[in-house]
Amino acid sequence: MAGERSESDLDRELVDLPPELRWREWMRRIEAVLFASASPVPREDLARVVGQGASVELLVEDLAADLEGRAFAVAAVTGGWILRTRPAYAPAIRAAADVGQQVLDLNEFDIAVLAAIAYHQPITRDGLKDIFGKEIARDLIGRLNARKLIATGPRSPRRGAPYTFVTTEQFLVAFDLESLSDLPDRERLEDDGLTAPAGG
């Protein structure tokens, strides 16, 4: 396969370079991979472009330090890393760049439903109805699914085995979360009046 051939052609060890230049080249390779990837790159994939025994974590740390003061930074997401533009540059990007589908364009209720799924997953449409006191339109679920923010989860053990919904890796990327444990504390949101109490 072409992927296997190109990997075997890659000089991972760089033994002809002095140690400091070797390290810098490995950092640049990681930067190039992260720059080219549309989704977070896991450690084992980054390990394919550096020498055996080289610490991917330390290389990523050094790359992050090297990018300090630049318009983008390394972000840890779902057990991997991705390059992200710093939030301070969001207005400039919106003003001049064609970001197309990257703009979520969700209304307040869409975000509320997405938050309910994130906090209660896996959850059925009936479960969402219990939270919001009204039927959640299939179109809304379809919009969130089309943006790859949610996916179908395991079938519910309830009668009829309805589908459940769960958040995706794209959800984490879109909201700058490394994992679901980075979601704001629900009790604090309830205390601040930003969400209804669980089961309410």
# chains A, B, ... in the order shown; residues from 1 in each chain; ligands from 1

call {"tool": "residues_around", "arguments": {"residues": "Ala32 (chain A)", "least_positions_apart": "6", "cutoff": "12 Å", "atoms": "only C-alpha atoms", "output": "PDB file with N, CA, C and O atoms, in the first residue's frame"}}
result
ATOM      1  N   GLU A  25      13.931  18.920  13.829  1.00  0.00           N
ATOM      2  CA  GLU A  25      13.296  18.324  12.650  1.00  0.00           C
ATOM      3  C   GLU A  25      12.087  17.484  13.051  1.00  0.00           C
ATOM      4  O   GLU A  25      11.042  17.519  12.396  1.00  0.00           O
ATOM      5  N   TRP A  26      12.203  16.730  14.146  1.00  0.00           N
ATOM      6  CA  TRP A  26      11.056  15.954  14.619  1.00  0.00           C
ATOM      7  C   TRP A  26       9.905  16.880  15.018  1.00  0.00           C
ATOM      8  O   TRP A  26       8.742  16.600  14.730  1.00  0.00           O
ATOM      9  N   ALA A  38      -7.200  17.525   9.618  1.00  0.00           N
ATOM     10  CA  ALA A  38      -8.455  18.198   9.961  1.00  0.00           C
ATOM     11  C   ALA A  38      -9.015  17.729  11.297  1.00  0.00           C
ATOM     12  O   ALA A  38      -9.954  18.316  11.815  1.00  0.00           O
ATOM     13  N   VAL A  41      -4.744  14.379  16.050  1.00  0.00           N
ATOM     14  CA  VAL A  41      -3.839  13.293  15.680  1.00  0.00           C
ATOM     15  C   VAL A  41      -3.376  12.598  16.954  1.00  0.00           C
ATOM     16  O   VAL A  41      -2.793  13.227  17.832  1.00  0.00           O
ATOM     17  N   LEU A  46       1.612  10.212  15.524  1.00  0.00           N
ATOM     18  CA  LEU A  46       2.764  11.117  15.535  1.00  0.00           C
ATOM     19  C   LEU A  46       4.068  10.355  15.735  1.00  0.00           C
ATOM     20  O   LEU A  46       5.109  10.742  15.206  1.00  0.00           O
ATOM     21  N   VAL A  49       6.485   9.459  12.771  1.00  0.00           N
ATOM     22  CA  VAL A  49       7.334  10.413  12.037  1.00  0.00           C
ATOM     23  C   VAL A  49       8.563  10.844  12.831  1.00  0.00           C
ATOM     24  O   VAL A  49       9.321  11.703  12.385  1.00  0.00           O
ATOM     25  N   VAL A  60       5.782  17.610  21.496  1.00  0.00           N
ATOM     26  CA  VAL A  60       4.590  18.462  21.398  1.00  0.00           C
ATOM     27  C   VAL A  60       4.703  19.639  22.364  1.00  0.00           C
ATOM     28  O   VAL A  60       4.364  20.781  22.021  1.00  0.00           O
ATOM     29  N   LEU A  63       7.054  22.075  20.838  1.00  0.00           N
ATOM     30  CA  LEU A  63       6.392  22.738  19.713  1.00  0.00           C
ATOM     31  C   LEU A  63       5.431  23.806  20.232  1.00  0.00           C
ATOM     32  O   LEU A  63       5.398  24.930  19.714  1.00  0.00           O
ATOM     33  N   VAL A  74      -0.988  24.617  19.769  1.00  0.00           N
ATOM     34  CA  VAL A  74      -1.299  23.195  19.846  1.00  0.00           C
ATOM     35  C   VAL A  74      -2.348  23.004  20.942  1.00  0.00           C
ATOM     36  O   VAL A  74      -2.191  23.516  22.046  1.00  0.00           O
ATOM     37  N   ILE A  82      -4.178  18.890  17.995  1.00  0.00           N
ATOM     38  CA  ILE A  82      -4.595  19.587  16.785  1.00  0.00           C
ATOM     39  C   ILE A  82      -4.061  21.011  16.864  1.00  0.00           C
ATOM     40  O   ILE A  82      -3.833  21.540  17.969  1.00  0.00           O
ATOM     41  N   LEU A  83      -3.821  21.643  15.715  1.00  0.00           N
ATOM     42  CA  LEU A  83      -3.452  23.056  15.706  1.00  0.00           C
ATOM     43  C   LEU A  83      -4.723  23.881  15.640  1.00  0.00           C
ATOM     44  O   LEU A  83      -5.618  23.590  14.836  1.00  0.00           O
TER      45      LEU A  83
END

call {"tool": "select_by_dssp", "arguments": {"residues": "chain A", "states": "strand (DSSP E)", "output": "MDAnalysis selection string"}}
result
chainID A and resid 41:42 72:77 80:85 150:152 165:167

call {"tool": "closest_residue", "arguments": {"among": "A:Asp176, A:Thr124, A:Gly160, A:Leu21", "to": "Arg86 (chain A)", "atoms": "only C-alpha atoms"}}
result
A:Asp176

call {"tool": "closest_residue", "arguments": {"among": "A:Tyr163, A:Ile131, A:Ile30, A:Ser39", "to": "Tyr119 (chain A)", "atoms": "only C-alpha atoms"}}
result
A:Ile131

call {"tool": "residues_around", "arguments": {"residues": "region 142-151 of chain A", "least_positions_apart": "3", "cutoff": "8 Å", "atoms": "only C-alpha atoms", "output": "VMD selection string"}}
result
chain A and resid 101 104 110 114 138 to 139 165 to 171

call {"tool": "write_last_selection", "arguments": {"atoms": "C-alpha atoms", "output": "PDB file, in the first residue's frame"}}
result
ATOM      1  CA  GLN A 101     -18.961  24.803   7.371  1.00  0.00           C
ATOM      2  CA  LEU A 104     -21.548  26.301  13.611  1.00  0.00           C
ATOM      3  CA  ASP A 110     -29.913  24.106  19.318  1.00  0.00           C
ATOM      4  CA  LEU A 114     -26.660  19.879  22.339  1.00  0.00           C
ATOM      5  CA  ARG A 138     -36.139  15.453  14.050  1.00  0.00           C
ATOM      6  CA  ASP A 139     -34.874  18.373  11.942  1.00  0.00           C
ATOM      7  CA  PHE A 165     -27.704  10.242  20.867  1.00  0.00           C
ATOM      8  CA  VAL A 166     -24.155  10.988  21.977  1.00  0.00           C
ATOM      9  CA  THR A 167     -21.676  13.758  21.270  1.00  0.00           C
ATOM     10  CA  THR A 168     -18.744  13.232  18.904  1.00  0.00           C
ATOM     11  CA  GLU A 169     -15.073  14.079  18.637  1.00  0.00           C
ATOM     12  CA  GLN A 170     -16.133  16.990  16.398  1.00  0.00           C
ATOM     13  CA  PHE A 171     -18.218  18.326  19.310  1.00  0.00           C
TER      14      PHE A 171
END

call {"tool": "residues_around", "arguments": {"residues": "region 50-57 of chain A", "least_positions_apart": "4", "cutoff": "8 Å", "atoms": "only C-alpha atoms", "output": "ChimeraX atom specification"}}
result
/A:12-14,26,29,43,46,61

call {"tool": "decode", "arguments": {"residues": "region 11-42 of chain A", "atoms": "N, CA, C and O atoms", "output": "PDB file, in the first residue's frame"}}
result
ATOM      1  N   ASP A  11      12.966   8.624   6.748  1.00  0.00           N
ATOM      2  CA  ASP A  11      14.075   8.424   7.684  1.00  0.00           C
ATOM      3  C   ASP A  11      13.631   8.960   9.040  1.00  0.00           C
ATOM      4  O   ASP A  11      13.667  10.160   9.298  1.00  0.00           O
ATOM      5  N   ARG A  12      13.189   8.058   9.906  1.00  0.00           N
ATOM      6  CA  ARG A  12      12.680   8.474  11.211  1.00  0.00           C
ATOM      7  C   ARG A  12      13.801   8.828  12.176  1.00  0.00           C
ATOM      8  O   ARG A  12      13.651   9.709  13.009  1.00  0.00           O
ATOM      9  N   GLU A  13      14.918   8.138  12.087  1.00  0.00           N
ATOM     10  CA  GLU A  13      15.965   8.280  13.102  1.00  0.00           C
ATOM     11  C   GLU A  13      16.854   9.506  12.904  1.00  0.00           C
ATOM     12  O   GLU A  13      17.349  10.070  13.873  1.00  0.00           O
ATOM     13  N   LEU A  14      17.069   9.911  11.651  1.00  0.00           N
ATOM     14  CA  LEU A  14      17.887  11.102  11.343  1.00  0.00           C
ATOM     15  C   LEU A  14      19.255  11.058  12.028  1.00  0.00           C
ATOM     16  O   LEU A  14      19.714  12.054  12.592  1.00  0.00           O
ATOM     17  N   VAL A  15      19.904   9.916  11.970  1.00  0.00           N
ATOM     18  CA  VAL A  15      21.174   9.742  12.688  1.00  0.00           C
ATOM     19  C   VAL A  15      22.286  10.639  12.157  1.00  0.00           C
ATOM     20  O   VAL A  15      23.265  10.892  12.867  1.00  0.00           O
ATOM     21  N   ASP A  16      22.162  11.148  10.931  1.00  0.00           N
ATOM     22  CA  ASP A  16      23.195  12.015  10.355  1.00  0.00           C
ATOM     23  C   ASP A  16      23.149  13.436  10.927  1.00  0.00           C
ATOM     24  O   ASP A  16      24.071  14.222  10.708  1.00  0.00           O
ATOM     25  N   LEU A  17      22.057  13.769  11.636  1.00  0.00           N
ATOM     26  CA  LEU A  17      21.932  15.121  12.191  1.00  0.00           C
ATOM     27  C   LEU A  17      22.422  15.148  13.633  1.00  0.00           C
ATOM     28  O   LEU A  17      22.247  14.180  14.375  1.00  0.00           O
ATOM     29  N   PRO A  18      22.993  16.280  14.054  1.00  0.00           N
ATOM     30  CA  PRO A  18      23.329  16.423  15.470  1.00  0.00           C
ATOM     31  C   PRO A  18      22.027  16.402  16.300  1.00  0.00           C
ATOM     32  O   PRO A  18      20.968  16.775  15.794  1.00  0.00           O
ATOM     33  N   PRO A  19      22.114  15.980  17.564  1.00  0.00           N
ATOM     34  CA  PRO A  19      20.901  15.810  18.388  1.00  0.00           C
ATOM     35  C   PRO A  19      19.958  17.006  18.399  1.00  0.00           C
ATOM     36  O   PRO A  19      18.742  16.839  18.300  1.00  0.00           O
ATOM     37  N   GLU A  20      20.487  18.240  18.517  1.00  0.00           N
ATOM     38  CA  GLU A  20      19.585  19.404  18.602  1.00  0.00           C
ATOM     39  C   GLU A  20      18.841  19.637  17.285  1.00  0.00           C
ATOM     40  O   GLU A  20      17.666  20.006  17.277  1.00  0.00           O
ATOM     41  N   LEU A  21      19.507  19.408  16.140  1.00  0.00           N
ATOM     42  CA  LEU A  21      18.837  19.560  14.846  1.00  0.00           C
ATOM     43  C   LEU A  21      17.861  18.419  14.598  1.00  0.00           C
ATOM     44  O   LEU A  21      16.807  18.611  13.992  1.00  0.00           O
ATOM     45  N   ARG A  22      18.187  17.235  15.085  1.00  0.00           N
ATOM     46  CA  ARG A  22      17.292  16.083  14.960  1.00  0.00           C
ATOM     47  C   ARG A  22      15.980  16.375  15.699  1.00  0.00           C
ATOM     48  O   ARG A  22      14.886  16.171  15.179  1.00  0.00           O
ATOM     49  N   TRP A  23      16.111  16.877  16.928  1.00  0.00           N
ATOM     50  CA  TRP A  23      14.922  17.204  17.735  1.00  0.00           C
ATOM     51  C   TRP A  23      14.069  18.256  17.031  1.00  0.00           C
ATOM     52  O   TRP A  23      12.848  18.133  16.949  1.00  0.00           O
ATOM     53  N   ARG A  24      14.749  19.290  16.495  1.00  0.00           N
ATOM     54  CA  ARG A  24      14.007  20.360  15.802  1.00  0.00           C
ATOM     55  C   ARG A  24      13.296  19.815  14.568  1.00  0.00           C
ATOM     56  O   ARG A  24      12.151  20.181  14.289  1.00  0.00           O
ATOM     57  N   GLU A  25      13.931  18.920  13.829  1.00  0.00           N
ATOM     58  CA  GLU A  25      13.296  18.324  12.650  1.00  0.00           C
ATOM     59  C   GLU A  25      12.087  17.484  13.051  1.00  0.00           C
ATOM     60  O   GLU A  25      11.042  17.519  12.396  1.00  0.00           O
ATOM     61  N   TRP A  26      12.203  16.730  14.146  1.00  0.00           N
ATOM     62  CA  TRP A  26      11.056  15.954  14.619  1.00  0.00           C
ATOM     63  C   TRP A  26       9.905  16.880  15.018  1.00  0.00           C
ATOM     64  O   TRP A  26       8.742  16.600  14.730  1.00  0.00           O
ATOM     65  N   MET A  27      10.230  17.996  15.670  1.00  0.00           N
ATOM     66  CA  MET A  27       9.184  18.985  16.018  1.00  0.00           C
ATOM     67  C   MET A  27       8.491  19.502  14.768  1.00  0.00           C
ATOM     68  O   MET A  27       7.270  19.612  14.725  1.00  0.00           O
ATOM     69  N   ARG A  28       9.270  19.828  13.734  1.00  0.00           N
ATOM     70  CA  ARG A  28       8.706  20.361  12.487  1.00  0.00           C
ATOM     71  C   ARG A  28       7.823  19.325  11.796  1.00  0.00           C
ATOM     72  O   ARG A  28       6.818  19.660  11.199  1.00  0.00           O
ATOM     73  N   ARG A  29       8.234  18.060  11.880  1.00  0.00           N
ATOM     74  CA  ARG A  29       7.401  17.004  11.297  1.00  0.00           C
ATOM     75  C   ARG A  29       6.058  16.926  12.012  1.00  0.00           C
ATOM     76  O   ARG A  29       5.006  16.804  11.376  1.00  0.00           O
ATOM     77  N   ILE A  30       6.107  16.990  13.334  1.00  0.00           N
ATOM     78  CA  ILE A  30       4.852  16.960  14.104  1.00  0.00           C
ATOM     79  C   ILE A  30       4.003  18.174  13.750  1.00  0.00           C
ATOM     80  O   ILE A  30       2.789  18.062  13.540  1.00  0.00           O
ATOM     81  N   GLU A  31       4.627  19.342  13.651  1.00  0.00           N
ATOM     82  CA  GLU A  31       3.896  20.554  13.269  1.00  0.00           C
ATOM     83  C   GLU A  31       3.241  20.375  11.907  1.00  0.00           C
ATOM     84  O   GLU A  31       2.072  20.732  11.709  1.00  0.00           O
ATOM     85  N   ALA A  32       3.969  19.810  10.941  1.00  0.00           N
ATOM     86  CA  ALA A  32       3.433  19.611   9.592  1.00  0.00           C
ATOM     87  C   ALA A  32       2.240  18.658   9.606  1.00  0.00           C
ATOM     88  O   ALA A  32       1.220  18.901   8.941  1.00  0.00           O
ATOM     89  N   VAL A  33       2.349  17.571  10.374  1.00  0.00           N
ATOM     90  CA  VAL A  33       1.252  16.603  10.460  1.00  0.00           C
ATOM     91  C   VAL A  33       0.020  17.262  11.079  1.00  0.00           C
ATOM     92  O   VAL A  33      -1.105  17.137  10.575  1.00  0.00           O
ATOM     93  N   LEU A  34       0.217  17.994  12.180  1.00  0.00           N
ATOM     94  CA  LEU A  34      -0.910  18.662  12.835  1.00  0.00           C
ATOM     95  C   LEU A  34      -1.531  19.709  11.921  1.00  0.00           C
ATOM     96  O   LEU A  34      -2.750  19.864  11.870  1.00  0.00           O
ATOM     97  N   PHE A  35      -0.694  20.435  11.187  1.00  0.00           N
ATOM     98  CA  PHE A  35      -1.176  21.472  10.282  1.00  0.00           C
ATOM     99  C   PHE A  35      -2.028  20.864   9.172  1.00  0.00           C
ATOM    100  O   PHE A  35      -3.049  21.419   8.779  1.00  0.00           O
ATOM    101  N   ALA A  36      -1.621  19.706   8.675  1.00  0.00           N
ATOM    102  CA  ALA A  36      -2.315  19.079   7.550  1.00  0.00           C
ATOM    103  C   ALA A  36      -3.572  18.323   7.957  1.00  0.00           C
ATOM    104  O   ALA A  36      -4.431  18.053   7.121  1.00  0.00           O
ATOM    105  N   SER A  37      -3.705  18.001   9.237  1.00  0.00           N
ATOM    106  CA  SER A  37      -4.814  17.160   9.675  1.00  0.00           C
ATOM    107  C   SER A  37      -6.038  17.984  10.063  1.00  0.00           C
ATOM    108  O   SER A  37      -5.928  18.976  10.778  1.00  0.00           O
ATOM    109  N   ALA A  38      -7.200  17.525   9.618  1.00  0.00           N
ATOM    110  CA  ALA A  38      -8.455  18.198   9.961  1.00  0.00           C
ATOM    111  C   ALA A  38      -9.015  17.729  11.297  1.00  0.00           C
ATOM    112  O   ALA A  38      -9.954  18.316  11.815  1.00  0.00           O
ATOM    113  N   SER A  39      -8.437  16.668  11.862  1.00  0.00           N
ATOM    114  CA  SER A  39      -8.918  16.143  13.138  1.00  0.00           C
ATOM    115  C   SER A  39      -7.732  15.886  14.065  1.00  0.00           C
ATOM    116  O   SER A  39      -6.584  15.840  13.601  1.00  0.00           O
ATOM    117  N   PRO A  40      -7.984  15.735  15.361  1.00  0.00           N
ATOM    118  CA  PRO A  40      -6.877  15.504  16.290  1.00  0.00           C
ATOM    119  C   PRO A  40      -6.067  14.269  15.901  1.00  0.00           C
ATOM    120  O   PRO A  40      -6.611  13.262  15.471  1.00  0.00           O
ATOM    121  N   VAL A  41      -4.744  14.379  16.050  1.00  0.00           N
ATOM    122  CA  VAL A  41      -3.839  13.293  15.680  1.00  0.00           C
ATOM    123  C   VAL A  41      -3.376  12.598  16.954  1.00  0.00           C
ATOM    124  O   VAL A  41      -2.793  13.227  17.832  1.00  0.00           O
ATOM    125  N   PRO A  42      -3.642  11.288  17.065  1.00  0.00           N
ATOM    126  CA  PRO A  42      -3.236  10.579  18.282  1.00  0.00           C
ATOM    127  C   PRO A  42      -1.735  10.364  18.367  1.00  0.00           C
ATOM    128  O   PRO A  42      -1.018  10.436  17.365  1.00  0.00           O
TER     129      PRO A  42
END
